[in-house]
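Everything below concerns the one structure shown next.
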Protein chains: 2
Amino acid sequence: MTDVVDTKRPKKSVALSGVVAGSTALCTVGRTGNDLHYRGYNILDIAETCEFEEIAHLLVHEKLPNKAELAAYKRKLTGLRQLPEAVRKILEQIPADAHAMDVLRTGVSGLGCIMPEDADHNIAGARDIADRLMASLGSMLLYWHHFIRSGRRINTMTDDDGIASHFLHLLHGERPEPSHVLAMNTSLILYAEHEFNASTFAARVIAGTGSDLYSAIVGAIGALRGPKHGGANEAAFEVISRYSDPDTADADIRRRVAEKELVIGFGHPVYTIADPRNKVIKAVARRLSFETDSMAMFDIADRIERVMAETKRMFANLDWFSAVSYHRMGVPTTMFTPLFVIARTSGWSAHAIEQRQDNKIIRPSANYVGPEDLHFIPIQYRV
Amino acid sequence: MTDVVDTKRPKKSVALSGVVAGSTALCTVGRTGNDLHYRGYNILDIAETCEFEEIAHLLVHEKLPNKAELAAYKRKLTGLRQLPEAVRKILEQIPADAHAMDVLRTGVSGLGCIMPEDADHNIAGARDIADRLMASLGSMLLYWHHFIRSGRRINTMTDDDGIASHFLHLLHGERPEPSHVLAMNTSLILYAEHEFNASTFAARVIAGTGSDLYSAIVGAIGALRGPKHGGANEAAFEVISRYSDPDTADADIRRRVAEKELVIGFGHPVYTIADPRNKVIKAVARRLSFETDSMAMFDIADRIERVMAETKRMFANLDWFSAVSYHRMGVPTTMFTPLFVIARTSGWSAHAIEQRQDNKIIRPSANYVGPEDLHFIPIQYRV
């Protein structure tokens, strides 16, 4: 075990950059500039080999399951896909033009009212809530999605094998292609955990006051919603889908770069050399595109990646080819960040539990830049 | 303007203690050990002189209003007491035994679905949301409270003069005593703002990703819910209400202190000498108790305060006599922390707006304490 000292230059656009805010046994990010480990396992070893449930078990239940443990865990999760009636009624109140992240934030908060955490906040209970959320976040989003569009009250209890297939099945109303299930598992694993990123840190700040797990996840969803964080994969898709072919994209991106416009989906506050997840999700995007003989979007994304490397020395991050992959699986853009939520709920929950065990409240100081010692004038004399 | 360097010894139970996480023009806490200023105004000048709306205007709209501005502001807030039908229906789904903080968390999240922030996240729009929330948080809580207990769908649009009287009116179903309105205004002012406390910091972490104001407030409510933070005023009440007279309290608290038991309501992570808010709220508690000729609870709280000073050199914080004050106004214990929410929404919103203007994501580092470079074994070979 070693202390991690962040030797990278603090970024001006990031507060607390490089400042250690606590301890974790969950994750290391970018120690060599382009590596990522979950509880000591290299992301490149696990991303295409595991199912998401193995990694959720690793993060939330502290170990990779063996075959029997995985089977039992998946049975448990399968049994948690049902939504309480009150949660369904809450979701039915949310209008069709609502932000999908607001739907999840409200659904999780509502579930926390209806099936609250035990008052003693024991760890086993918190893990049960994490499992229930991972199993039913897709139910929440897609129950609302179908109800609000067609009035259909879908049955969210399916016999799909895992969280990936459950989501795609509820979305499309039919069993997904095996290759899509594989791709979705890889995507969920890549998005599962990333140390003290802003949404995870929000979850830890909330958990640090002794609050319940639902509150921590609700806060994390709110943080992930932001365009500088989880919202970036939707923005990346908008960039890619602007173009009809690689040459047009090439010319336009060069023009935008010359005009100092920011291109979403490139660079990262922690990785310095490359995002190790990019080559994995890029291979997924290529395979999905090849299978359906529709390489156009992939080729555009690939060309922009090369232009950004050449002109800005910037590397594509996970969001870039995730956008292509999700699109190829028929996932609407508004559901990109919610998929990130389903994945990251594993990491958020594990961090919230760590913070609780660490028993520390997170309470920094501020640099005061306001007025000093103003003379108070009561309202009757105030002008 | 000066840089604030926190020279106090970092507390072991607090992460990031004394570490500057950003700038604020809103508040200084405990610079001399026992002082508190909101935008440069001493809390002792404003707590008993102002209405809460003056301070909400100071925090959210950056200045103390003059008479005409205050009147206009109060008219605006009065017009925002109505809840959309969909929010009422969401609240009706929440069971009677739900935590009142979960009700507010869900109500605010639901309102964020139904009346979302403008996509461009302009500051005027954020301030409008802050105002709507301050005006309607009491409506949410008390609509749910009455519906779930008696099935009554109360009309939350009253002509009460301010937020303090609106809350007490909806709670008790009759116009409150002027002395209670005064006391509630003071209490709301004292709870309005407190620099980078955990819930405010949660709001800033969420706002830092570019997320919407509802998400920031929802996360802050989740953080305030914790017993180490806002939940402490309810715990303080439980301590005080254990005893029937000062002598019994005196003996029992001495015993508990000798056994190293923590007494909630004493000490503070930032103040070193005293909590300046204590003497203000203590005077309020004394006055309310004297008016109704029921000094017993005040006397018990007063005695415990003396015992804690004598045995532990610990001072009562704001929560201690707030508990007595709220009880004397007939506020149920479960609504103590929700009142804190109504007050602090002014500070939270102002901080979230500051963070947005500062344009920084908050992303600290972690100290890794987990296993290194584990050898991955695929599931078929895993034991």
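Each chain of the structure tokens is named A, B, ... in the order shown, its residues numbered from 1; ligands are numbered from 1 in display order.
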| field | Contact residues around A:Lys67 with only C-alpha atoms at 8 Å, ignoring same-chain residues under 4 positions, as a ChimeraX atom specification | value | /A:71 /B:379-380,382-383
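Residues within 8 Å of B:Tyr38, counting only C-alpha atoms and excluding same-chain residues fewer than 2 positions away, are Leu26, Cys27, Thr28, Leu36, Gly40, Tyr41, Asn42, Ile43, Leu59 and Glu193 of chain B.
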- Among the residues of stretch 197-339 of chain B, find those DSSP assigns to alpha helix (DSSP H) from the backbone and print them as a PyMOL selection string. chain B and resi 198-207+213-224+232-240+246-258+276-291+296-312+318-328+336-339
As a count of residues only, please: the residues near stretch 165-176 of chain A (cut-off 12 Å, only C-alpha atoms, same-chain neighbours under 5 positions excluded).
49
Review point. Any idea what's packed within 12 Å of stretch 116-123 of chain B, counting only C-alpha atoms, ignoring anything in its chain fewer than 3 positions away? Could you give it as a ChimeraX atom specification?
Key: /A:94-95,97-103,226-227 /B:60-61,108-113,126-130,132,207,210-216,349-357
Selected residue of minimal separation from chain A among B:Gly231, B:Pro276, B:Gly222, B:Gly151, counting only C-alpha atoms: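 Nearest candidate to chain A out of B:Gly231, B:Pro276, B:Gly222, B:Gly151: B:Gly222.
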| At what distance in Å, to one decimal, does atom CA of A:His229 lie from atom CA of A:Thr334? |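 Atom CA of A:His229 lies 14.6 Å from atom CA of A:Thr334.
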- Query: atom CA of A:Arg204 and atom CA of A:Ile361, how far apart in Å?
  - Reply: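 Answer for the atom CA of A:Ile361 to atom CA of A:Arg204 separation: 8.9 Å.
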Taken to one decimal, the atom CA of B:Leu70-atom CA of B:Glu54 distance is 6.6 Å
